[in-house]
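> Sharing a structure here in structure tokens format.
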Amino acid sequence: MPPPSSVPYASFLRYSPRGTSPSSVASRGWVAAVKGDGLYGRMRAIDVSASKLAQELSRYTVLSDCLAGGVLVPAPRSAPQYGGGLWPTKRLCEAMVAAGVGTGVFPALRRTLAVQKSATAARGQRPTVRRHYETIAVEQDRSLLAAGTRLVVVDDVVTRGATFLACHRRLSEAYPDAAVCCFALTRTISDAEVGGMLDPVAGVITLEPLHREP
């Protein structure tokens, strides 16, 4: 199966990796707290995010169209998962289901070889869609899925979308009868400032050339 030329995605929040405004700086702190499963006040940032997402789900069709009734599939980390180490997207999926978003968590995707983290890679050095695809394996357990099940790949942050394209292809190959879509808690706004973080959108990630709109 060739890689998809494009895949739809939805996201909930936005953040600026380089902005200097107070809102942009705060957005980076929030993303760091989510990625590290850190505290936000007295609660974990992941749990706050999931609770807020559940509150807003019915207000935004771009979110409910993607997430309602879906089985959540955590995007794999950049390195293989060993033992009980933190897997932020799995924690996020579990928190989302606990808050009433999604019908269950299916950790079907796993990293077999480490790749460079996109967030820390220099321009031009981020892993390609092919590299992501080659280093991701999929667990096959058709007994967990009914006909027409929607599988939602969930990531904490989407930048260009290479991981989503690779995960979409892997799941579509393993579960051809399932509908596959992608959801990012946060999308990157590169080289720009952000105001508030809340900004639900639906968009498209395109393979050639690799880019994301919006």
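Chain labels follow the order of the structure tokens: the first chain is A, the next B, and so on; residue numbering restarts at 1 in every chain, and ligands are counted from 1 in their shown order.
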If you count only C-alpha atoms, which residues fall within 10 Å of stretch 71-75 of chain A, apart from same-chain ones fewer than 3 positions away, as number ranges by chain?
A: 67-68, 78, 87-94, 96-97, 101-111, 136, 144-145, 149-156, 163-164, 167, 171, 180-184
> Go ahead and write the residues just picked, N, CA and C atoms, as a CSV table (one decimal), in the first residue's frame.

chain,number,residue,atom,x,y,z
A,67,LEU,N,-13.3,12.7,17.1
A,67,LEU,CA,-13.1,11.9,18.3
A,67,LEU,C,-14.3,11.1,18.8
A,68,ALA,N,-15.5,11.6,18.5
A,68,ALA,CA,-16.7,10.9,19.1
A,68,ALA,C,-16.8,9.4,18.7
A,78,SER,N,9.5,8.6,20.2
A,78,SER,CA,10.5,8.6,19.3
A,78,SER,C,11.5,7.5,19.5
A,87,TRP,N,4.9,7.2,28.8
A,87,TRP,CA,4.5,7.3,27.4
A,87,TRP,C,3.4,8.4,27.3
A,88,PRO,N,3.8,9.6,27.1
A,88,PRO,CA,2.8,10.7,27.2
A,88,PRO,C,1.5,10.6,26.4
A,89,THR,N,1.6,10.1,25.2
A,89,THR,CA,0.4,10.0,24.4
A,89,THR,C,-0.6,8.9,24.9
A,90,LYS,N,0.0,7.9,25.5
A,90,LYS,CA,-0.8,6.8,26.1
A,90,LYS,C,-1.5,7.4,27.3
A,91,ARG,N,-0.8,8.1,28.1
A,91,ARG,CA,-1.4,8.8,29.3
A,91,ARG,C,-2.5,9.7,28.9
A,92,LEU,N,-2.2,10.5,27.8
A,92,LEU,CA,-3.2,11.4,27.3
A,92,LEU,C,-4.5,10.6,26.9
A,93,CYS,N,-4.3,9.6,26.1
A,93,CYS,CA,-5.5,8.8,25.7
A,93,CYS,C,-6.3,8.2,26.9
A,94,GLU,N,-5.6,7.7,27.9
A,94,GLU,CA,-6.2,7.2,29.1
A,94,GLU,C,-7.0,8.3,29.8
A,96,MET,N,-8.2,11.0,28.4
A,96,MET,CA,-9.3,11.4,27.5
A,96,MET,C,-10.5,10.5,27.7
A,97,VAL,N,-10.2,9.2,27.7
A,97,VAL,CA,-11.3,8.2,27.9
A,97,VAL,C,-11.9,8.4,29.3
A,101,VAL,N,-14.0,11.1,26.5
A,101,VAL,CA,-13.7,11.3,25.1
A,101,VAL,C,-13.1,10.0,24.5
A,102,GLY,N,-13.8,9.4,23.6
A,102,GLY,CA,-13.3,8.1,23.0
A,102,GLY,C,-13.9,6.9,23.8
A,103,THR,N,-13.9,5.8,23.1
A,103,THR,CA,-14.5,4.6,23.7
A,103,THR,C,-13.5,3.7,24.4
A,104,GLY,N,-12.2,3.9,24.1
A,104,GLY,CA,-11.2,3.0,24.7
A,104,GLY,C,-9.8,3.3,24.2
A,105,VAL,N,-8.8,2.7,24.7
A,105,VAL,CA,-7.4,3.0,24.3
A,105,VAL,C,-6.8,1.7,23.8
A,106,PHE,N,-6.3,1.7,22.6
A,106,PHE,CA,-5.7,0.6,21.9
A,106,PHE,C,-4.2,0.9,21.5
A,107,PRO,N,-3.2,0.6,22.4
A,107,PRO,CA,-1.8,0.9,22.1
A,107,PRO,C,-1.3,0.0,21.0
A,108,ALA,N,-1.8,0.2,19.8
A,108,ALA,CA,-1.4,-0.7,18.7
A,108,ALA,C,-0.1,-0.4,18.0
A,109,LEU,N,0.4,0.8,18.2
A,109,LEU,CA,1.6,1.2,17.5
A,109,LEU,C,2.8,1.3,18.4
A,110,ARG,N,3.9,0.7,18.0
A,110,ARG,CA,5.1,0.8,18.8
A,110,ARG,C,6.4,1.1,17.9
A,111,ARG,N,7.3,1.8,18.5
A,111,ARG,CA,8.5,2.1,17.9
A,111,ARG,C,9.5,1.0,18.0
A,136,ILE,N,8.1,1.9,12.8
A,136,ILE,CA,6.9,1.7,13.6
A,136,ILE,C,6.3,0.4,13.2
A,144,LEU,N,-10.5,-7.0,18.9
A,144,LEU,CA,-10.9,-5.8,19.6
A,144,LEU,C,-11.7,-4.8,18.8
A,145,LEU,N,-11.8,-5.0,17.5
A,145,LEU,CA,-12.5,-4.1,16.7
A,145,LEU,C,-13.7,-4.7,16.0
A,149,THR,N,-15.2,0.4,12.9
A,149,THR,CA,-14.6,1.1,14.0
A,149,THR,C,-13.7,2.2,13.5
A,150,ARG,N,-13.8,3.3,14.2
A,150,ARG,CA,-12.9,4.5,13.9
A,150,ARG,C,-11.7,4.4,14.8
A,151,LEU,N,-10.5,4.4,14.3
A,151,LEU,CA,-9.3,4.4,15.0
A,151,LEU,C,-8.7,5.8,14.9
A,152,VAL,N,-8.4,6.4,16.1
A,152,VAL,CA,-8.0,7.8,16.1
A,152,VAL,C,-6.5,7.8,16.7
A,153,VAL,N,-5.6,8.1,15.8
A,153,VAL,CA,-4.2,8.3,16.2
A,153,VAL,C,-4.1,9.6,17.0
A,154,VAL,N,-3.6,9.5,18.2
A,154,VAL,CA,-3.5,10.7,19.1
A,154,VAL,C,-2.1,11.0,19.4
A,155,ASP,N,-1.7,12.3,19.2
A,155,ASP,CA,-0.4,12.8,19.5
A,155,ASP,C,-0.5,14.0,20.4
A,156,ASP,N,0.5,14.3,21.1
A,156,ASP,CA,0.5,15.5,22.0
A,156,ASP,C,0.7,16.8,21.2
A,163,THR,N,4.7,11.9,11.4
A,163,THR,CA,4.4,10.8,12.2
A,163,THR,C,2.9,10.4,12.0
A,164,PHE,N,2.0,11.3,11.8
A,164,PHE,CA,0.6,11.0,11.5
A,164,PHE,C,0.5,10.2,10.2
A,167,CYS,N,1.8,6.7,10.8
A,167,CYS,CA,0.9,5.9,11.6
A,167,CYS,C,-0.4,5.6,10.9
A,171,LEU,N,-1.8,1.7,10.3
A,171,LEU,CA,-3.1,1.2,10.8
A,171,LEU,C,-4.0,0.8,9.6
A,180,VAL,N,-9.6,5.5,9.8
A,180,VAL,CA,-8.5,6.0,10.5
A,180,VAL,C,-8.4,7.5,10.4
A,181,CYS,N,-8.3,8.2,11.5
A,181,CYS,CA,-8.2,9.6,11.5
A,181,CYS,C,-7.1,10.0,12.6
A,182,CYS,N,-6.7,11.3,12.6
A,182,CYS,CA,-5.6,11.8,13.5
A,182,CYS,C,-6.1,13.0,14.3
A,183,PHE,N,-5.6,13.0,15.5
A,183,PHE,CA,-5.9,14.1,16.4
A,183,PHE,C,-4.7,14.5,17.2
A,184,ALA,N,-4.4,15.8,17.2
A,184,ALA,CA,-3.3,16.3,18.0
A,184,ALA,C,-3.8,17.2,19.1
> Can you pull out the residues contacting A:Ala192? Cut-off 12 Å, using only C-alpha atoms, and skip same-chain residues under 5 positions away; I want them as an NGL selection string.
:A and (14-21 or 23-25)
> Mind the document's chain letters and residue numbers, and return as a ChimeraX atom specification the residues of stretch 4-202 of chain A that DSSP labels helix (DSSP H, G or I).
/A:22-35,45-59,61-67,88-98,129-134,142-144,162-174
> Hey, can you check how far atom CA of A:Ala54 sits from atom CA of A:Ala99?
6.1 Å
> Check stretch 39-202 of chain A with DSSP on the backbone and list each residue it calls strand (DSSP E), as number ranges by chain.
A: 39-40, 43-44, 71-74, 104-105, 109-111, 136-138, 150-158, 179-188, 198-202
> Rounded to one decimal place, report the atom CA of A:Ala26-atom CA of A:Leu165 distance in Å.
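One can read the atom CA of A:Ala26 to atom CA of A:Leu165 distance as 29.0 Å.
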> Please report, as JSON lines, each residue of stretch 168-197 of chain A lying at most 12 Å from stretch 208-212 of chain A, together with the nearest pair of atoms and the separation in Å rounded to one decimal; use only C-alpha atoms, and order rows by chain and ascending residue number.

{"residue": "A:Arg187", "atom": "CA", "partner": "A:Arg212", "partner_atom": "CA", "distance": 9.7}
{"residue": "A:Thr188", "atom": "CA", "partner": "A:Arg212", "partner_atom": "CA", "distance": 10.0}
{"residue": "A:Ile189", "atom": "CA", "partner": "A:Arg212", "partner_atom": "CA", "distance": 10.7}
{"residue": "A:Ser190", "atom": "CA", "partner": "A:Arg212", "partner_atom": "CA", "distance": 11.4}
